[in-house]
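Source file: upload-v3.txt (compact mmCIF, C-alpha atoms and all ligand atoms)
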# COMPACT_ATOMS: atom_id res chain seq x y z
CA MET A 1 3.48 -16.80 22.86
CA ASN A 2 2.55 -15.02 19.69
CA THR A 3 3.56 -11.39 19.27
CA GLN A 4 1.68 -11.26 15.97
CA VAL A 5 -1.51 -11.01 18.02
CA LYS A 6 -1.69 -7.46 19.33
CA THR A 7 -2.82 -6.45 22.81
CA ARG A 8 -5.78 -4.12 23.35
CA THR A 9 -3.39 -1.25 24.03
CA GLU A 10 -1.45 -1.97 20.87
CA ILE A 11 -4.63 -2.15 18.82
CA LEU A 12 -5.78 1.20 20.22
CA ALA A 13 -2.47 2.73 19.19
CA MET A 14 -2.77 1.18 15.73
CA ARG A 15 -6.29 2.58 15.33
CA GLU A 16 -4.95 6.04 16.10
CA SER A 17 -1.93 5.49 13.87
CA GLY A 18 -4.22 4.38 11.03
CA LYS A 19 -6.49 7.42 11.47
CA MET A 20 -3.49 9.74 11.28
CA LEU A 21 -2.27 7.95 8.19
CA ALA A 22 -5.68 8.23 6.51
CA THR A 23 -5.92 11.92 7.35
CA ILE A 24 -2.46 12.70 6.00
CA LEU A 25 -2.97 10.63 2.83
CA SER A 26 -6.26 12.46 2.17
CA ASP A 27 -4.39 15.77 2.42
CA LEU A 28 -1.59 14.51 0.19
CA ILE A 29 -4.09 13.41 -2.47
CA LYS A 30 -5.31 17.03 -2.67
CA SER A 31 -1.72 18.23 -3.13
CA VAL A 32 -1.02 16.02 -6.16
CA GLU A 33 -1.22 18.38 -9.14
CA VAL A 34 0.49 19.06 -12.44
CA GLY A 35 3.77 20.90 -11.77
CA VAL A 36 4.24 19.62 -8.21
CA SER A 37 7.37 17.55 -7.55
CA THR A 38 7.28 14.28 -5.66
CA LYS A 39 9.60 15.91 -3.11
CA ASP A 40 7.02 18.68 -2.53
CA ILE A 41 4.51 15.99 -1.55
CA ALA A 42 7.05 14.30 0.74
CA ILE A 43 7.80 17.59 2.49
CA LEU A 44 4.09 18.05 3.15
CA ALA A 45 3.87 14.48 4.49
CA ALA A 46 6.81 15.06 6.84
CA ARG A 47 5.33 18.34 8.07
CA GLU A 48 1.96 16.75 8.85
CA LEU A 49 3.59 13.83 10.67
CA LYS A 50 5.55 16.26 12.78
CA SER A 51 2.51 18.37 13.62
CA LEU A 52 0.72 15.23 14.86
CA GLY A 53 3.77 14.19 16.90
CA ALA A 54 4.03 10.90 14.99
CA GLU A 55 7.09 9.20 13.54
CA ALA A 56 7.99 8.10 10.02
CA PRO A 57 8.59 4.34 9.89
CA PHE A 58 9.75 4.51 6.24
CA LEU A 59 12.54 7.01 6.95
CA GLY A 60 15.76 5.06 7.33
CA TYR A 61 14.05 1.70 6.80
CA GLN A 62 16.86 -0.36 5.27
CA GLY A 63 18.31 3.04 4.42
CA PHE A 64 15.26 4.48 2.59
CA PRO A 65 15.89 8.25 2.48
CA ASP A 66 12.39 9.71 2.93
CA VAL A 67 9.10 9.49 4.85
CA ILE A 68 7.01 8.35 1.86
CA CYS A 69 7.40 6.34 -1.35
CA ILE A 70 6.03 8.07 -4.46
CA SER A 71 6.04 6.05 -7.66
CA LEU A 72 4.96 7.31 -11.10
CA ASN A 73 3.53 5.44 -14.09
CA ASP A 74 5.58 2.27 -14.75
CA GLU A 75 7.16 2.59 -11.31
CA ILE A 76 5.34 0.15 -9.07
CA VAL A 77 6.67 0.92 -5.58
CA HIS A 78 9.53 2.43 -3.55
CA GLY A 79 9.99 5.59 -5.65
CA ILE A 80 12.22 8.09 -3.84
CA PRO A 81 10.75 11.62 -3.71
CA ARG A 82 12.83 14.03 -5.80
CA PRO A 83 12.61 17.76 -6.50
CA ASP A 84 13.28 17.13 -10.21
CA LYS A 85 10.53 14.57 -10.55
CA VAL A 86 7.60 16.76 -11.56
CA ILE A 87 4.06 15.49 -12.02
CA ARG A 88 2.46 15.82 -15.47
CA GLU A 89 -1.07 15.57 -16.77
CA GLY A 90 -2.19 11.97 -17.03
CA ASP A 91 0.48 10.56 -14.69
CA LEU A 92 -0.35 7.62 -12.47
CA VAL A 93 0.85 8.59 -9.00
CA SER A 94 1.21 6.02 -6.22
CA LEU A 95 1.55 7.26 -2.67
CA ASP A 96 2.73 4.65 -0.15
CA PHE A 97 2.95 5.95 3.38
CA GLY A 98 3.43 4.75 6.95
CA VAL A 99 2.82 6.21 10.40
CA LYS A 100 4.32 5.16 13.72
CA TRP A 101 2.38 6.22 16.79
CA ARG A 102 3.04 5.00 20.33
CA GLY A 103 5.34 2.40 18.88
CA MET A 104 2.77 0.98 16.47
CA ILE A 105 2.99 1.17 12.69
CA THR A 106 0.31 1.29 9.99
CA ASP A 107 0.94 1.16 6.24
CA SER A 108 -1.31 2.24 3.37
CA ALA A 109 -1.06 3.11 -0.31
CA LEU A 110 -3.16 4.28 -3.22
CA THR A 111 -2.76 5.23 -6.85
CA LEU A 112 -4.46 8.13 -8.59
CA ILE A 113 -4.47 9.69 -12.04
CA VAL A 114 -3.66 13.37 -12.37
CA GLY A 115 -6.19 15.09 -14.61
CA ASN A 116 -7.26 13.27 -17.76
CA PRO A 117 -6.01 9.72 -18.27
CA ARG A 118 -3.86 9.13 -21.34
CA ASP A 119 -5.72 5.89 -21.97
CA PRO A 120 -9.07 4.61 -20.60
CA GLN A 121 -7.24 1.44 -19.56
CA HIS A 122 -5.39 3.42 -16.91
CA ARG A 123 -8.58 4.30 -15.06
CA GLN A 124 -9.66 0.65 -15.25
CA LEU A 125 -6.32 -0.58 -13.93
CA LEU A 126 -6.74 1.61 -10.88
CA SER A 127 -10.33 0.69 -10.19
CA TYR A 128 -9.82 -3.06 -10.58
CA THR A 129 -6.63 -3.08 -8.52
CA GLU A 130 -8.52 -1.25 -5.79
CA ALA A 131 -11.38 -3.73 -6.19
CA SER A 132 -8.91 -6.59 -5.71
CA LEU A 133 -7.85 -5.02 -2.42
CA GLN A 134 -11.49 -4.83 -1.36
CA GLU A 135 -11.98 -8.51 -2.25
CA GLY A 136 -8.87 -9.41 -0.26
CA ILE A 137 -10.22 -7.52 2.74
CA ALA A 138 -13.63 -9.17 2.32
CA ALA A 139 -11.95 -12.58 2.56
CA VAL A 140 -10.45 -11.77 5.99
CA HIS A 141 -11.89 -13.44 9.08
CA ASP A 142 -10.72 -15.16 12.23
CA GLY A 143 -9.08 -18.37 10.99
CA VAL A 144 -8.47 -17.19 7.41
CA ARG A 145 -5.36 -18.52 5.64
CA THR A 146 -3.02 -16.27 3.71
CA GLY A 147 -3.83 -18.24 0.55
CA ASP A 148 -7.53 -17.37 0.94
CA ILE A 149 -6.71 -13.66 0.83
CA ALA A 150 -4.23 -14.17 -2.02
CA ALA A 151 -6.75 -16.11 -4.09
CA ALA A 152 -9.43 -13.44 -3.58
CA VAL A 153 -7.04 -10.71 -4.78
CA GLU A 154 -5.77 -12.80 -7.68
CA ARG A 155 -9.27 -13.64 -8.93
CA VAL A 156 -10.01 -9.97 -9.66
CA LEU A 157 -6.64 -9.17 -11.24
CA LYS A 158 -6.57 -12.32 -13.33
CA LYS A 159 -10.00 -11.62 -14.76
CA HIS A 160 -8.57 -8.46 -16.32
CA ASP A 161 -5.38 -10.16 -17.43
CA TYR A 162 -3.17 -7.82 -15.43
CA GLY A 163 0.42 -8.56 -14.52
CA ILE A 164 0.31 -9.57 -10.86
CA ILE A 165 3.54 -8.64 -9.08
CA ARG A 166 5.04 -11.71 -7.44
CA ASP A 167 8.30 -10.44 -5.99
CA LEU A 168 6.57 -8.03 -3.61
CA VAL A 169 3.83 -9.02 -1.20
CA GLY A 170 1.62 -7.92 1.67
CA HIS A 171 2.75 -8.62 5.21
CA GLY A 172 2.07 -8.55 8.91
CA VAL A 173 2.52 -5.05 10.38
CA GLY A 174 2.49 -3.35 13.77
CA HIS A 175 5.64 -3.44 15.88
CA GLN A 176 7.66 -3.54 12.69
CA LEU A 177 6.89 -2.21 9.22
CA HIS A 178 7.23 -5.74 7.89
CA GLU A 179 6.30 -8.68 10.09
CA GLY A 180 5.36 -12.22 9.17
CA PRO A 181 3.55 -13.75 7.50
CA ASN A 182 3.81 -12.78 3.84
CA ILE A 183 0.46 -12.11 2.15
CA PRO A 184 1.01 -12.72 -1.59
CA ASN A 185 -1.33 -11.38 -4.26
CA TYR A 186 -1.63 -14.73 -5.98
CA GLY A 187 -2.15 -18.23 -4.65
CA ARG A 188 -4.55 -20.97 -3.78
CA ALA A 189 -7.28 -20.91 -1.15
CA ASN A 190 -6.83 -23.26 1.81
CA THR A 191 -3.05 -22.86 1.74
CA GLY A 192 -0.58 -20.84 3.79
CA PRO A 193 -0.42 -19.85 7.45
CA TRP A 194 -3.60 -19.43 9.48
CA LEU A 195 -4.40 -15.95 10.78
CA LYS A 196 -6.47 -15.10 13.80
CA ALA A 197 -8.32 -12.27 15.50
CA GLY A 198 -5.97 -9.66 16.92
CA MET A 199 -3.42 -9.95 14.14
CA THR A 200 -2.78 -6.93 11.94
CA ILE A 201 -1.82 -7.28 8.29
CA ALA A 202 -1.15 -5.09 5.28
CA ILE A 203 -2.87 -6.29 2.10
CA GLU A 204 -1.35 -4.62 -0.95
CA PRO A 205 -2.13 -5.71 -4.50
CA MET A 206 0.28 -4.43 -7.17
CA ALA A 207 -0.68 -4.88 -10.82
CA THR A 208 0.44 -3.77 -14.27
CA LEU A 209 -1.10 -3.55 -17.73
CA GLY A 210 1.68 -5.86 -18.92
CA THR A 211 4.13 -8.18 -17.26
CA TRP A 212 4.39 -9.33 -13.66
CA LYS A 213 8.17 -9.05 -13.95
CA ILE A 214 9.96 -6.17 -12.28
CA LYS A 215 13.27 -4.37 -12.50
CA VAL A 216 15.02 -2.14 -9.97
CA ASP A 217 16.54 1.23 -10.89
CA PRO A 218 20.22 2.02 -10.28
CA ASP A 219 19.10 4.01 -7.18
CA GLY A 220 18.56 0.59 -5.59
CA TRP A 221 14.97 1.38 -4.62
CA THR A 222 12.62 2.27 -7.44
CA VAL A 223 10.83 -0.87 -8.62
CA ARG A 224 9.24 -0.68 -12.06
CA SER A 225 7.56 -3.02 -14.50
CA ALA A 226 10.16 -4.79 -16.64
CA ASP A 227 8.26 -3.92 -19.84
CA GLY A 228 7.51 -0.29 -18.93
CA SER A 229 3.77 -0.93 -18.58
CA MET A 230 1.68 1.25 -16.28
CA SER A 231 1.14 -0.01 -12.74
CA ALA A 232 -1.14 0.44 -9.75
CA HIS A 233 -0.78 -0.21 -6.02
CA PHE A 234 -3.39 -0.10 -3.27
CA GLU A 235 -2.86 -1.03 0.36
CA HIS A 236 -4.66 -1.02 3.69
CA THR A 237 -3.67 -2.09 7.17
CA VAL A 238 -6.35 -4.42 8.49
CA LEU A 239 -7.12 -5.77 11.97
CA ILE A 240 -8.48 -9.30 11.94
CA THR A 241 -11.51 -9.48 14.23
CA LYS A 242 -13.88 -12.21 15.41
CA GLU A 243 -16.46 -10.80 13.01
CA GLY A 244 -14.17 -10.26 10.02
CA ALA A 245 -11.92 -7.29 9.40
CA GLU A 246 -11.51 -3.72 10.54
CA VAL A 247 -9.70 -1.47 8.07
CA LEU A 248 -7.44 0.69 10.25
CA THR A 249 -6.35 3.03 7.46
CA LEU A 250 -9.78 3.76 5.98
CA ARG A 251 -10.08 7.24 4.47
CA ASN A 252 -13.30 9.28 4.42
CA GLN A 253 -14.47 9.17 0.83
CA SER A 254 -14.79 12.67 -0.53
MG MG A 301 3.04 0.42 2.06
MG MG A 302 3.24 -2.61 2.96

Please rewrite the model in this file as structure tokens.
Amino acid sequence: MNTQVKTRTEILAMRESGKMLATILSDLIKSVEVGVSTKDIAILAARELKSLGAEAPFLGYQGFPDVICISLNDEIVHGIPRPDKVIREGDLVSLDFGVKWRGMITDSALTLIVGNPRDPQHRQLLSYTEASLQEGIAAVHDGVRTGDIAAAVERVLKKHDYGIIRDLVGHGVGHQLHEGPNIPNYGRANTGPWLKAGMTIAIEPMATLGTWKIKVDPDGWTVRSADGSMSAHFEHTVLITKEGAEVLTLRNQS
């Protein structure tokens, strides 16, 4: 018995869930502009979920108060949308969103820069963190070990001397938002649990221009870099297949 391996019906539901997530995230990306509050974006996300008849797995998760996490600049993850948190030119905006459809959850995140970057390093941080996600996905195959994925992600981030977040990791996903096993963003190949076709995982590198150390705001949620350095977060939900990997939350590139 292994509930980490999804049935055909569950995989179909996750494909649909992932498509919905990708569609909504693409719309949210267009809404991120100077002068918009993070709560405005969350309201749009909630409205789109409702119109699709899907549920919000983030809402109420361990008490989280909204349908989406929106984290700015040195905030890495778990930012709570707020009407008084208004986006400015050059901000790094991370959108981390989940969709539950027919009981099955997908999870995906991205970071973008609004307008002109304040520093060319910001653009690089985003592109290399996204590249590390792609390398992690490329490492996935039937029989892969979590350490193989971790090492592939780490190789890219280490090359650029980024802070690789250790206290937060990728994870199995599907019936629950967070299922086993953990998928760290650092580690050694040929270590960790084996994964097989039919499992669904969220790979989610988080990196900073400074330290790997984090601190949590008094709100109990917002996680930021301990040294205030800028951070990036990219995530996809991936189905492990006999051939390799199917990215369930893939967005159409515009
Ligand atoms: Mg996520
Ligand atoms: Mg996740």

Residues within 8 Å of ligand MG 302 (chain A) (all atoms listed in the file), as a list in words?
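Within the 8 Å cut-off, the matching residues are Asp96, Asp107, Ser108, Ala109, Val169, Gly170, His171, Val173, Leu177, His178, Ala202, Ile203, Glu204 and Glu235 of chain A.
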
Any idea what's packed within 7 Å of Val77 (chain A), counting only C-alpha atoms, ignoring anything in its chain fewer than 4 positions away? Could you give it as a PDB file with C-alpha atoms, in the coordinates of the input?
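Writing done, so here's selection35.pdb:
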ATOM      1  CA  CYS A  69       7.400   6.340  -1.350  1.00  0.00           C
ATOM      2  CA  SER A  71       6.040   6.050  -7.660  1.00  0.00           C
ATOM      3  CA  THR A 222      12.620   2.270  -7.440  1.00  0.00           C
ATOM      4  CA  VAL A 223      10.830  -0.870  -8.620  1.00  0.00           C
TER       5      VAL A 223
END

Enter the distance from CA of Val144 (chain A) to CA of Ala207 (chain A), in Å, rounded to one decimal.
23.3 Å

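For the pair CA of Gly180 (chain A) and CA of Val153 (chain A), the separation is 18.7 Å.
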
Restricting the calculation to all atoms listed in the file: of A:Trp194, A:Tyr61, A:Trp101, A:Trp212, which residue gets closest to Gly228 (chain A)?
A:Trp212
